[in-house]
Every structure is written in structure tokens, then in C-alpha cells.
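Data from run-v9.txt: compact mmCIF, C-alpha atoms
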```txt
# COMPACT_ATOMS: atom_id res chain seq x y z
CA MET A 61 154.11 78.07 185.13
CA LEU A 62 152.03 74.96 184.82
CA ARG A 63 153.66 72.23 182.85
CA ARG A 64 151.15 70.54 180.59
CA GLN A 65 151.25 66.90 179.71
CA THR A 66 149.45 65.70 176.66
CA PRO A 67 146.03 65.04 178.10
CA HIS A 68 144.63 61.61 177.50
CA ARG A 69 141.06 62.22 176.48
CA LEU A 70 139.52 59.30 178.31
CA LEU A 71 141.43 59.96 181.51
CA VAL A 72 140.43 63.56 181.37
CA LEU A 73 136.81 62.67 180.94
CA MET A 74 136.86 60.09 183.68
CA GLY A 75 138.53 62.52 186.04
CA TRP A 76 135.57 64.82 185.60
CA GLN A 77 132.74 62.33 185.62
CA THR A 78 132.02 62.86 189.29
CA PRO A 79 133.01 66.37 190.25
CA LYS A 80 133.22 66.93 193.97
CA SER A 81 132.18 70.19 195.42
CA GLY A 82 134.31 72.34 197.65
CA ARG A 83 137.68 71.32 196.35
CA SER A 84 140.38 73.85 196.96
CA MET A 85 141.69 75.79 193.98
CA THR A 86 145.21 74.41 194.19
CA GLU A 87 144.07 70.84 194.44
CA HIS A 88 141.72 71.48 191.59
CA ASN A 89 144.32 73.13 189.37
CA ALA A 90 147.07 70.68 190.03
CA GLY A 91 144.83 67.64 189.96
CA VAL A 92 144.35 66.79 186.33
CA ALA A 93 146.32 67.63 183.26
CA ARG A 94 143.79 69.13 180.91
CA GLY A 95 144.11 71.26 177.86
CA ASN A 96 141.07 72.86 176.34
CA ALA A 97 141.48 70.73 173.24
CA PRO A 98 139.40 67.81 174.52
CA LEU A 99 136.58 70.17 175.50
CA ASN A 100 136.72 71.76 172.05
CA GLU A 101 136.60 68.31 170.46
CA LEU A 102 133.65 67.29 172.58
CA LEU A 103 131.75 70.42 171.66
CA LEU A 104 132.57 69.92 167.98
CA ALA A 105 131.33 66.34 168.21
CA VAL A 106 128.05 67.62 169.60
CA GLY A 107 127.77 70.27 166.88
CA GLN A 108 128.68 67.99 164.02
CA SER A 109 127.09 64.69 164.92
CA ARG A 110 124.84 65.29 167.92
CA ASP A 111 127.10 63.05 169.95
CA ARG A 112 125.21 62.39 173.21
CA GLN A 113 128.16 60.87 175.03
CA ALA A 114 130.24 63.91 174.22
CA PHE A 115 127.42 66.10 175.50
CA ALA A 116 127.17 64.11 178.73
CA ALA A 117 130.90 64.61 179.25
CA LEU A 118 130.50 68.35 178.62
CA PHE A 119 127.63 68.42 181.10
CA ASP A 120 129.76 66.75 183.75
CA HIS A 121 132.55 69.21 183.19
CA PHE A 122 130.62 72.44 182.82
CA ALA A 123 127.37 72.07 184.78
CA PRO A 124 129.05 72.02 188.25
CA ARG A 125 131.18 75.02 187.25
CA LEU A 126 128.22 76.94 185.88
CA LYS A 127 126.36 76.24 189.11
CA SER A 128 129.24 77.71 191.13
CA TYR A 129 129.40 80.69 188.78
CA LEU A 130 125.67 81.39 189.20
CA LEU A 131 125.78 80.89 192.98
CA ARG A 132 128.70 83.29 193.26
CA LEU A 133 126.62 85.83 191.35
CA GLY A 134 123.94 85.60 194.02
CA THR A 135 121.50 83.27 192.32
CA ASP A 136 119.65 81.04 194.82
CA ALA A 137 120.39 77.31 194.66
CA GLY A 138 117.10 76.33 193.03
CA SER A 139 117.28 78.93 190.26
CA ALA A 140 120.96 78.21 189.77
CA GLU A 141 120.26 74.56 189.02
CA GLU A 142 117.41 75.52 186.69
CA LEU A 143 119.58 78.02 184.83
CA VAL A 144 122.37 75.46 184.56
CA GLN A 145 119.92 73.10 182.88
CA GLU A 146 118.71 75.77 180.49
CA ALA A 147 122.25 76.87 179.68
CA MET A 148 123.33 73.29 178.99
CA LEU A 149 120.34 72.78 176.70
CA LEU A 150 121.43 75.89 174.82
CA VAL A 151 124.91 74.40 174.56
CA TRP A 152 123.34 71.36 172.92
CA ARG A 153 121.19 73.43 170.59
CA ARG A 154 123.82 75.94 169.54
CA ALA A 155 126.82 73.62 169.40
CA GLU A 156 126.73 73.88 165.58
CA THR A 157 127.68 77.54 165.82
CA PHE A 158 130.76 76.81 167.95
CA ASP A 159 133.93 77.76 166.07
CA PRO A 160 137.15 76.76 167.87
CA ALA A 161 139.07 79.26 165.72
CA GLN A 162 137.21 82.08 167.48
CA ALA A 163 136.86 80.91 171.05
CA ASN A 164 137.57 77.95 173.28
CA ALA A 165 134.77 75.77 174.60
CA SER A 166 135.13 77.32 178.09
CA THR A 167 134.87 80.84 176.68
CA TRP A 168 131.91 79.91 174.51
CA VAL A 169 130.08 78.25 177.42
CA PHE A 170 130.89 81.25 179.63
CA THR A 171 129.17 83.62 177.18
CA ILE A 172 126.11 81.37 176.98
CA ALA A 173 125.81 81.21 180.77
CA ARG A 174 126.39 84.95 181.13
CA ASN A 175 123.61 85.73 178.66
CA LYS A 176 121.30 83.13 180.17
CA ARG A 177 121.70 84.74 183.57
CA ILE A 178 120.97 88.23 182.25
CA ASP A 179 117.91 86.87 180.47
CA GLY A 180 116.70 84.61 183.31
CA ILE A 181 117.53 86.58 186.45
CA ARG A 182 117.60 90.20 185.35
CA ARG A 183 114.85 89.68 182.74
CA GLU A 184 116.75 91.80 180.28
CA ARG A 185 117.85 91.24 176.75
CA ARG A 186 121.54 91.02 176.08
CA PRO A 187 122.41 93.36 173.20
CA GLU A 188 125.05 91.74 171.00
CA ILE A 189 126.49 92.32 167.56
CA ASP A 190 125.25 90.23 164.66
CA PRO A 191 128.32 88.78 162.94
CA ASP A 192 126.34 88.68 159.65
CA ASP A 193 125.15 92.29 159.88
CA PRO A 194 126.12 94.07 156.64
CA ALA A 195 126.70 97.21 158.76
CA LEU A 196 129.40 95.43 160.79
CA VAL A 197 132.78 97.04 160.12
CA PRO A 198 135.22 94.22 159.32
CA PRO A 199 138.77 94.19 160.69
CA MET A 200 141.38 95.78 158.44
CA PRO A 201 143.33 93.13 156.58
CA GLU A 202 146.53 92.18 158.39
CA SER A 203 145.61 94.20 161.45
CA ALA A 204 146.19 92.85 164.92
CA ASP A 205 142.45 93.01 165.48
CA VAL A 206 141.77 89.38 164.89
CA MET A 207 142.13 87.35 168.01
CA VAL A 208 142.58 83.68 167.55
CA GLU A 209 142.06 81.83 170.76
CA THR A 210 144.14 78.71 170.73
CA ALA A 211 143.30 75.58 172.64
CA GLN A 212 146.11 76.29 175.10
CA GLU A 213 145.04 79.81 175.80
CA THR A 214 142.56 79.07 178.55
CA LYS A 215 145.32 77.20 180.38
CA ARG A 216 147.78 80.03 179.90
CA LEU A 217 145.21 82.54 181.11
CA GLN A 218 144.49 80.41 184.18
CA ALA A 219 148.21 80.37 185.00
CA ALA A 220 148.46 84.12 184.43
CA ILE A 221 145.43 84.82 186.64
CA ALA A 222 146.99 82.64 189.37
CA SER A 223 150.14 84.75 189.24
CA LEU A 224 148.40 88.13 189.49
CA PRO A 225 149.09 90.18 192.63
CA PRO A 226 146.29 89.37 195.12
CA GLU A 227 144.72 92.85 195.01
CA GLN A 228 144.42 92.65 191.21
CA ALA A 229 143.11 89.07 191.26
CA GLU A 230 140.50 90.05 193.85
CA LEU A 231 139.13 92.84 191.66
CA LEU A 232 139.11 90.62 188.61
CA HIS A 233 137.08 88.00 190.44
CA LEU A 234 134.69 90.65 191.73
CA ALA A 235 134.21 91.94 188.18
CA TYR A 236 133.21 88.53 186.84
CA PHE A 237 131.43 87.11 189.86
CA GLU A 238 129.45 90.08 191.11
CA ASP A 239 126.60 91.56 189.16
CA ILE A 240 127.95 95.09 189.53
CA PRO A 241 129.97 97.32 187.21
CA HIS A 242 133.48 98.40 188.18
CA SER A 243 132.19 101.74 189.46
CA ALA A 244 130.03 99.94 192.04
CA ILE A 245 132.90 97.67 193.12
CA SER A 246 134.54 100.86 194.30
CA SER A 247 131.74 101.81 196.70
CA ARG A 248 131.12 98.18 197.74
CA LYS A 249 134.73 97.60 198.74
CA GLY A 250 135.50 101.10 199.92
CA ILE A 251 138.33 101.35 197.40
CA PRO A 252 138.65 104.65 195.51
CA LEU A 253 137.35 104.40 191.93
CA GLY A 254 140.73 105.44 190.55
CA THR A 255 142.39 102.55 192.39
CA VAL A 256 139.78 100.07 191.13
CA LYS A 257 140.40 101.27 187.58
CA SER A 258 144.17 101.18 187.79
CA ARG A 259 144.26 97.70 189.40
CA LEU A 260 141.85 96.34 186.82
CA ARG A 261 143.84 97.92 183.99
CA LEU A 262 147.07 96.42 185.28
CA ALA A 263 145.44 92.99 185.51
CA LEU A 264 143.90 93.27 182.04
CA GLU A 265 147.18 94.48 180.56
CA ARG A 266 148.99 91.45 181.95
CA LEU A 267 146.37 89.03 180.74
CA ARG A 268 146.21 90.68 177.35
CA LYS A 269 149.91 90.05 176.91
CA VAL A 270 149.24 86.37 177.49
CA LEU A 271 146.61 86.42 174.76
CA LYS A 272 149.00 88.06 172.32
CA GLU A 273 151.98 85.83 173.05
CA PRO A 274 152.85 83.44 170.28
CA VAL A 275 152.31 79.87 171.41
CA MET B 94 135.42 103.44 156.47
CA LYS B 95 137.96 104.85 158.88
CA ALA B 96 138.19 102.93 162.15
CA PRO B 97 136.88 104.84 165.18
CA THR B 98 139.48 106.76 167.19
CA HIS B 99 137.48 107.33 170.40
CA HIS B 100 136.74 104.13 172.33
CA PRO B 101 135.05 102.97 175.52
CA SER B 102 137.52 102.44 178.38
CA ASP B 103 138.83 98.94 179.07
CA GLU B 104 136.85 98.90 182.31
CA LEU B 105 133.64 99.57 180.42
CA LEU B 106 134.41 96.86 177.86
CA LEU B 107 135.13 94.54 180.78
CA ASP B 108 131.76 95.40 182.35
CA TYR B 109 130.18 94.52 179.00
CA ALA B 110 132.08 91.23 178.72
CA ASP B 111 131.36 90.14 182.29
CA GLY B 112 127.67 90.96 181.96
CA SER B 113 127.33 93.68 184.59
CA LEU B 114 126.10 96.56 182.41
CA THR B 115 122.44 97.53 182.24
CA GLU B 116 120.65 96.82 178.99
CA ALA B 117 120.89 100.46 177.81
CA GLU B 118 124.63 100.63 178.51
CA ALA B 119 125.21 97.23 176.92
CA LEU B 120 123.26 98.43 173.86
CA ILE B 121 125.53 101.41 173.25
CA VAL B 122 128.70 99.37 173.86
CA ALA B 123 127.50 96.60 171.51
CA SER B 124 126.60 99.18 168.85
CA HIS B 125 130.12 100.59 169.10
CA LEU B 126 131.54 97.05 168.82
CA ALA B 127 129.70 96.60 165.51
CA LEU B 128 131.66 99.58 164.16
CA CYS B 129 134.98 98.90 165.91
CA PRO B 130 137.00 95.73 165.21
CA SER B 131 139.68 96.55 167.78
CA CYS B 132 137.18 96.81 170.65
CA ARG B 133 135.62 93.54 169.47
CA THR B 134 139.04 91.97 169.89
CA ALA B 135 139.36 93.42 173.38
CA VAL B 136 135.94 92.04 174.37
CA SER B 137 136.82 88.60 172.95
CA GLY B 138 139.91 88.68 175.16
CA PHE B 139 137.83 89.58 178.23
CA GLU B 140 135.43 86.77 177.41
CA ALA B 141 138.40 84.41 177.23
CA ILE B 142 139.30 85.55 180.75
CA GLY B 143 135.72 84.67 181.73
CA GLY B 144 136.27 81.22 180.23
CA ALA B 145 139.48 80.77 182.22
CA LEU B 146 137.78 81.90 185.44
CA LEU B 147 134.95 79.44 184.78
CA GLU B 148 137.52 76.64 184.48
CA ASP B 149 139.12 77.76 187.74
CA VAL B 150 135.97 77.91 189.80
CA ALA B 151 135.51 75.09 192.35
CA PRO B 152 132.66 72.92 191.01
CA THR B 153 129.37 72.58 192.93
CA THR B 154 127.54 69.26 192.69
CA VAL B 155 124.57 69.32 190.34
CA SER B 156 121.80 66.88 191.27
CA SER B 157 121.61 63.69 189.26
CA ASP B 158 117.94 64.52 188.59
CA ALA B 159 118.97 67.72 186.87
CA ARG B 160 121.48 65.83 184.76
CA ALA B 161 118.96 63.14 183.83
CA ALA B 162 116.35 65.79 183.01
CA VAL B 163 118.68 67.59 180.61
CA LEU B 164 119.80 64.41 178.88
CA ALA B 165 116.15 63.36 178.49
CA GLN B 166 115.27 66.68 176.86
CA LEU B 167 117.93 66.63 174.18
CA ASP B 168 115.62 65.53 171.38
CA GLY B 169 112.99 68.09 172.25
CA ALA B 170 115.59 70.81 172.54
CA MET B 171 116.20 70.71 168.80
CA THR B 172 112.62 71.64 168.03
CA GLY B 173 112.88 75.03 169.71
CA PRO B 174 112.23 78.24 167.83
CA PRO B 175 114.30 78.44 164.64
CA ALA B 176 117.25 80.80 164.52
CA PRO B 177 116.21 84.27 163.34
CA ARG B 178 116.48 84.66 159.58
CA ARG B 179 119.24 86.95 158.55
CA VAL B 180 118.69 89.61 155.95
CA PRO B 181 121.03 89.02 153.00
CA ALA B 182 123.47 91.91 152.63
CA SER B 183 122.58 92.48 148.98
CA SER B 184 118.97 93.32 149.79
CA VAL B 185 119.89 96.11 152.20
CA GLN B 186 120.43 99.68 151.00
CA ALA B 187 123.44 101.56 152.28
CA GLU B 188 121.26 104.26 153.88
CA ASP B 189 119.51 101.51 155.84
CA LEU B 190 122.77 100.61 157.53
CA VAL B 191 123.28 103.81 159.50
CA LEU B 192 122.04 101.89 162.54
CA PRO B 193 124.13 98.76 163.09
CA GLN B 194 122.80 95.74 164.92
CA PRO B 195 121.79 95.36 167.71
CA LEU B 196 120.60 98.99 167.63
CA ARG B 197 118.56 98.54 164.43
CA SER B 198 116.28 95.94 165.96
CA TYR B 199 115.81 98.04 169.11
CA VAL B 200 114.76 101.07 167.08
CA GLY B 201 112.59 98.94 164.81
CA VAL B 202 113.01 101.13 161.74
CA VAL B 203 115.99 102.25 159.67
CA ALA B 204 117.42 105.71 160.31
CA HIS B 205 115.59 107.66 157.59
CA GLN B 206 112.20 106.34 158.75
CA ILE B 207 112.57 107.58 162.31
CA VAL B 208 109.79 109.88 163.51
CA TRP B 209 111.63 112.44 165.62
CA ASN B 210 110.41 114.34 168.65
CA PRO B 211 111.64 117.93 168.65
CA VAL B 212 113.46 119.01 171.83
CA MET B 213 114.54 122.49 170.82
CA ARG B 214 115.62 124.22 167.67
CA GLY B 215 118.15 122.04 165.88
CA LEU B 216 117.79 119.13 168.29
CA ASP B 217 115.45 116.13 168.00
CA GLU B 218 115.29 112.90 169.91
CA LEU B 219 113.78 109.46 169.92
CA ASP B 220 113.47 107.59 173.18
CA ILE B 221 114.41 103.94 172.77
CA GLY B 222 111.83 102.61 175.17
CA LEU B 223 113.59 100.06 177.30
CA ASP B 224 110.74 100.43 179.77
CA ARG B 225 112.80 100.48 182.91
CA SER B 226 112.31 103.74 184.71
CA ALA B 227 115.22 103.39 187.11
CA ALA B 228 117.72 102.29 184.50
CA PRO B 229 119.77 104.61 182.31
CA LYS B 230 117.87 105.98 179.34
CA ALA B 231 118.86 105.25 175.77
CA ARG B 232 117.83 107.68 173.06
CA LEU B 233 118.75 108.64 169.56
CA ILE B 234 119.43 112.32 169.06
CA ARG B 235 119.77 114.32 165.88
CA ILE B 236 121.68 117.58 165.93
CA ARG B 237 121.03 119.56 162.77
CA ALA B 238 124.09 120.38 160.66
CA GLY B 239 126.09 123.22 162.19
CA MET B 240 123.83 123.50 165.25
CA ALA B 241 125.01 123.28 168.86
CA VAL B 242 123.55 121.45 171.82
CA PRO B 243 123.25 123.96 174.70
CA GLN B 244 126.15 124.01 177.13
CA HIS B 245 125.49 121.29 179.71
CA THR B 246 127.02 119.04 182.30
CA HIS B 247 125.84 115.71 183.71
CA ARG B 248 124.49 114.69 187.07
CA GLY B 249 125.36 111.12 186.23
CA THR B 250 127.20 109.80 183.22
CA GLU B 251 126.53 110.24 179.52
CA MET B 252 127.73 107.88 176.82
CA THR B 253 127.48 108.97 173.20
CA LEU B 254 128.03 106.98 170.02
CA VAL B 255 128.14 108.83 166.70
CA LEU B 256 126.17 107.04 163.98
CA SER B 257 126.40 109.58 161.17
CA GLY B 258 127.83 113.04 160.67
CA GLY B 259 130.10 114.29 163.42
CA PHE B 260 130.40 116.72 166.31
CA GLN B 261 133.07 118.70 168.02
CA ASP B 262 133.42 119.53 171.71
CA ASP B 263 136.26 120.18 174.18
CA MET B 264 137.16 116.49 174.13
CA GLY B 265 137.73 116.37 170.39
CA HIS B 266 136.11 115.65 167.07
CA PHE B 267 133.78 112.64 166.95
CA LEU B 268 132.77 110.77 163.78
CA ARG B 269 130.80 107.59 162.99
CA GLY B 270 131.73 104.83 165.42
CA ASP B 271 133.37 107.18 167.91
CA PHE B 272 132.38 106.72 171.54
CA ALA B 273 132.36 109.53 174.09
CA PHE B 274 132.04 109.19 177.85
CA HIS B 275 131.19 112.21 179.98
CA ASP B 276 130.55 112.60 183.68
CA GLY B 277 129.87 115.54 185.97
CA SER B 278 133.40 116.83 185.48
CA VAL B 279 132.70 117.71 181.86
CA ASP B 280 130.81 120.84 180.91
CA HIS B 281 130.44 120.82 177.17
CA ARG B 282 128.68 122.28 174.17
CA PRO B 283 128.80 119.81 171.30
CA ILE B 284 128.51 121.39 167.84
CA ALA B 285 127.47 119.29 164.85
CA ASP B 286 129.68 119.41 161.77
CA ARG B 287 128.47 121.83 159.14
CA ASP B 288 128.22 119.37 156.26
CA ALA B 289 125.56 117.01 157.63
CA ASP B 290 123.15 116.32 160.48
CA CYS B 291 124.75 114.43 163.35
CA LEU B 292 122.94 111.31 164.50
CA CYS B 293 123.98 109.84 167.85
CA LEU B 294 122.92 107.23 170.33
CA THR B 295 123.16 108.50 173.90
CA VAL B 296 122.77 106.71 177.21
CA THR B 297 122.33 108.94 180.25
CA SER B 298 122.12 107.77 183.84
CA ALA B 299 120.52 111.02 185.05
CA PRO B 300 119.15 114.19 183.46
CA VAL B 301 121.67 116.56 181.93
CA ARG B 302 122.06 119.96 183.57
CA LEU B 303 122.15 123.02 181.38
CA THR B 304 124.86 125.42 182.46
CA GLY B 305 124.66 128.16 179.84
CA LEU B 306 123.02 131.49 180.69
CA VAL B 307 119.74 130.74 178.90
CA GLY B 308 119.91 127.01 179.55
CA ARG B 309 119.72 127.42 183.32
CA PHE B 310 116.19 128.72 182.98
CA LEU B 311 115.25 125.69 180.91
CA ASN B 312 116.45 123.08 183.43
CA PRO B 313 113.11 122.64 185.23
CA PHE B 314 111.46 121.88 181.90
CA LEU B 315 113.85 119.18 180.79
CA GLN B 316 112.41 115.73 181.05
CA PHE B 317 114.56 112.75 181.82
```

Will you turn the file into C-alpha cells for me?
Amino acid sequence: MLRRQTPHRLLVLMGWQTPKSGRSMTEHNAGVARGNAPLNELLLAVGQSRDRQAFAALFDHFAPRLKSYLLRLGTDAGSAEELVQEAMLLVWRRAETFDPAQANASTWVFTIARNKRIDGIRRERRPEIDPDDPALVPPMPESADVMVETAQETKRLQAAIASLPPEQAELLHLAYFEDIPHSAISSRKGIPLGTVKSRLRLALERLRKVLKEPV
Amino acid sequence: MKAPTHHPSDELLLDYADGSLTEAEALIVASHLALCPSCRTAVSGFEAIGGALLEDVAPTTVSSDARAAVLAQLDGAMTGPPAPRRVPASSVQAEDLVLPQPLRSYVGVVAHQIVWNPVMRGLDELDIGLDRSAAPKARLIRIRAGMAVPQHTHRGTEMTLVLSGGFQDDMGHFLRGDFAFHDGSVDHRPIADRDADCLCLTVTSAPVRLTGLVGRFLNPFLQF
């Protein structure tokens, strides 16, 4: 389990001013003590006061990650950089709608990049619910259906993903970094569909426990 | 309203959250999410996993030109198209809410204004033109109260979301918000409840295959 120190905002930012490519995962994970809180604060600062410095820091943190994400999904380098730019401009424009009680900055940026890719590469719309739709069925009061993502959750999820058995972690990465549904992972990897499903379910079960754990 | 009791599988919700579903499949999953708070929670969790994986990924250098270009565009970026205006809840009639978003905007009209195409007695459909011939097809179907869809199985997969009324088949009883997933292993004959027409959204990856005695003769005439 990763031990978190209270991250010093400035140090964190400086550590990510000049991201280097090709760093190994371990080096990268162990390198800097970061919670998601500073990222949430930066994004809030952009949403509330159009803070350009905060946005520049978000760019330096997220843009190199988004580029890797898009490259892993098979986007060519030129388009990847273009999409990163467009996604980051959306981050700037939509920052007002960011609500840290619903999702962490990383999660929020992930959804923006995911949708941008569907829109830009696949040329498809991304059907999504409208949270203000009067037809939307609200959660029952006091049900467990409201997920509150805390600032620490991304960190806890990262630790949990790192501790997954390799065959589960592999499938999870394929799910998020390949533009194919789980049924196609089966034929791509020559793993029976039932095995793909059961490994994914086991991984999701484990990670879901992390999300439900009290902090 | 009672919460749905038949849900998409976790793997399907994961496919939705990680962005690998086709538009038609994502449309039916998103329409279920509008009616199902517990699946919305599951998808939020899967998106959080996406956020954690994004943090974990080894960064790739972005050119300083790209960075400078974005920072230079920040002022202009605010003058983009305004956010779509939302319809205030009070101005919407209950019967207009049979189709939740995002389905409502895909169909373009509310449920009672739909112009149906008859398929056979008791069964009408409306193709939701996503204009992608190779992709799965999304359509609304209406089974008249008490009527049955002919016995059929599926060459590919069929996802069904009940929007109003209900139907019964071997897998159970399905009401508004309920999601059914069928593949070639299921041979079924859904029957609409007797008290009301059953309105569903279906997404099929290949034509259905009629298996009943009469239906087998109809197969060549069924359009995908």
C-alpha cells in the first residue's frame, strides 16, 4: 500500500512541469507524493476564476498522459497531439461544470478525452445522460447508489490496480486502452470469452470494494 | 417509479465507460442509465478506474508548440457555441418523458408523436437512423397490448430496453427501465402485457431469425 505524504502543492506542480516520456511505471508511481486534491483545486481555480496558471499546470500534468492514452488507443502521433489540444481546450471551457463531489479531476479529464476521441477519431456522437433531464430517475434516498469520489480515491484505485493479479490487470488495461469491446478482446487475445468475462468481473469486484471502502 | 430489476452486465457497462461501444449500443446503455441509478453508480466507478489508469500511464512529451498554441487560444475558447439550453422540467408533460435523454434527441419527437412503420400485425417499428450500415441497428418497436413477437433467435446479439408497458419471455418479466440481452443461445417469444402497448428500444447486431413454424417462411422477407 502506498503511503501518502501530505503533498506540497508547489512541489507537486514543479515535479510535473517537465514530464519526461518513457519513464517506467514504478519510477513514476514512487516518484512524487501526489494526492488528487491539488489537481481538483487547480481545476476548481480554472472553473471559478479562469486561473491561467492553474490551467497551465493542469496542461503539464494531463496533456502528456492524454497523449499516451490516445497513442495506446492507436491514434497516430499527429492526430494524438491535435486531440490533446482540443481536449485541453474543452477542459478550460467546461471547468465550471467540474464538481469534485462527483468525480476527481483525473476521472473528469478521462471522460472528456474519451468522448473527444469517439467524436474526433470514430466520428460518432457519444450518447450520454442529461443530468437535468426530467425523465432521469433519481437515486432512492439513502440508497447506496450515490458514489462520492473522494480526493484520495484515485490514489487508492491506482494502488489496487497495481496489486491485481497480472492476468486481470492485463485485461483491464486492454479494456481501457484498446478500442474494442470485451467480446473482441477474447478473439484478439485467443482467450475464451467466458475467461475474459470472469477475469474482468474479478478485477472490477476488487476495485469496486476500494470505491466503497470508507476513507 | 420502481427501480429496474434487469440490468446490463458489468462487462457491458465497462465497455460503455471505457468508450468501446458503437454509438447504437452506447445509446441503449445510456438510455438505461437514465432510468437506473444503480447502473449510473457502477459506470461512475468504472470512469474512476479510467481516471486512475490515466494517472498511471507513462507520460509522452507534448511539443512546446502545442502547449503554446493551447494557452494562446484560451480567450477564444470561451466564445465557442453556447451550452445547449435545457428544457425546464415544469414545461414538459409526463407523457413526453417516455423517452429519456439521450434517446429523446435521437428520435427527435416525443413518444406519442412517433410515426410507426408496421412490421406485422401487432408489431411496429421506427428505425433510429444512425446511418452506419455496418454498425448495429437501433430501433424503437411497439408491441400492441397482449400481442406476441413471433418466436425468434438471434444471429448476433439483441439488446432491449423497455420504455413503457412490459413484456414477458423465458428470461422473465420486463418493465420500464429493464434491460434484456439476448444472443444466439436464446430462442424466445416475447409477449406484451395485456394492459398496455409495450414500447422498447432494441439494438441488434444482425437480423433476427424466426424459428416458429410460420416464421421460418417469413425469414427471407425480413429486412435488417

Distance cut-off 8 Å, counting all atoms listed in the file - which residues of chain B neighbour chain A? Return them as number ranges by chain. B: 94, 103-105, 107-108, 111-114, 116, 119-120, 123-124, 126-131, 133-134, 137-138, 140-155, 159-160, 163-164, 166-167, 170-171, 179, 182, 185, 190-195

Counting all atoms listed in the file, write as an mmCIF file with C-alpha atoms, keeping the file's coordinate frame all protein and nucleic acid residues lying at most 12 Å from (123.8, 128.1, 162.3) in the file's frame.
```cif
data_model
loop_
_atom_site.group_PDB
_atom_site.id
_atom_site.type_symbol
_atom_site.label_atom_id
_atom_site.label_comp_id
_atom_site.auth_asym_id
_atom_site.auth_seq_id
_atom_site.Cartn_x
_atom_site.Cartn_y
_atom_site.Cartn_z
ATOM 1 C CA ARG B 214 115.620 124.220 167.670
ATOM 2 C CA GLY B 215 118.150 122.040 165.880
ATOM 3 C CA ILE B 236 121.680 117.580 165.930
ATOM 4 C CA ARG B 237 121.030 119.560 162.770
ATOM 5 C CA ALA B 238 124.090 120.380 160.660
ATOM 6 C CA GLY B 239 126.090 123.220 162.190
ATOM 7 C CA MET B 240 123.830 123.500 165.250
ATOM 8 C CA ALA B 241 125.010 123.280 168.860
ATOM 9 C CA VAL B 242 123.550 121.450 171.820
ATOM 10 C CA ILE B 284 128.510 121.390 167.840
ATOM 11 C CA ALA B 285 127.470 119.290 164.850
ATOM 12 C CA ASP B 286 129.680 119.410 161.770
ATOM 13 C CA ARG B 287 128.470 121.830 159.140
ATOM 14 C CA ASP B 288 128.220 119.370 156.260
ATOM 15 C CA ASP B 290 123.150 116.320 160.480
#
```

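Put simply, CA of His245 in chain B is 21.1 Å away from CA of Ala228 in chain B.
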
Quick one: everything within 8 Å of His247 in chain B, counting only C-alpha atoms, minus sequence neighbours fewer than 6 positions away in the same chain. Send it as a PDB file with C-alpha atoms, in the frame of the given file.
```pdb
ATOM      1  CA  HIS B 275     131.190 112.210 179.980  1.00  0.00           C
ATOM      2  CA  ASP B 276     130.550 112.600 183.680  1.00  0.00           C
ATOM      3  CA  GLY B 277     129.870 115.540 185.970  1.00  0.00           C
ATOM      4  CA  SER B 278     133.400 116.830 185.480  1.00  0.00           C
ATOM      5  CA  VAL B 279     132.700 117.710 181.860  1.00  0.00           C
ATOM      6  CA  ASP B 280     130.810 120.840 180.910  1.00  0.00           C
ATOM      7  CA  ALA B 299     120.520 111.020 185.050  1.00  0.00           C
ATOM      8  CA  PRO B 300     119.150 114.190 183.460  1.00  0.00           C
ATOM      9  CA  VAL B 301     121.670 116.560 181.930  1.00  0.00           C
ATOM     10  CA  ARG B 302     122.060 119.960 183.570  1.00  0.00           C
TER      11      ARG B 302
END
```

Shell around range 203-207 of chain B at 10 Å using all atoms listed in the file, local window under 3 positions removed, as a VMD selection string: chain B and resid 188 to 193 196 to 198 200 210 218 to 219 233 256 to 257 292
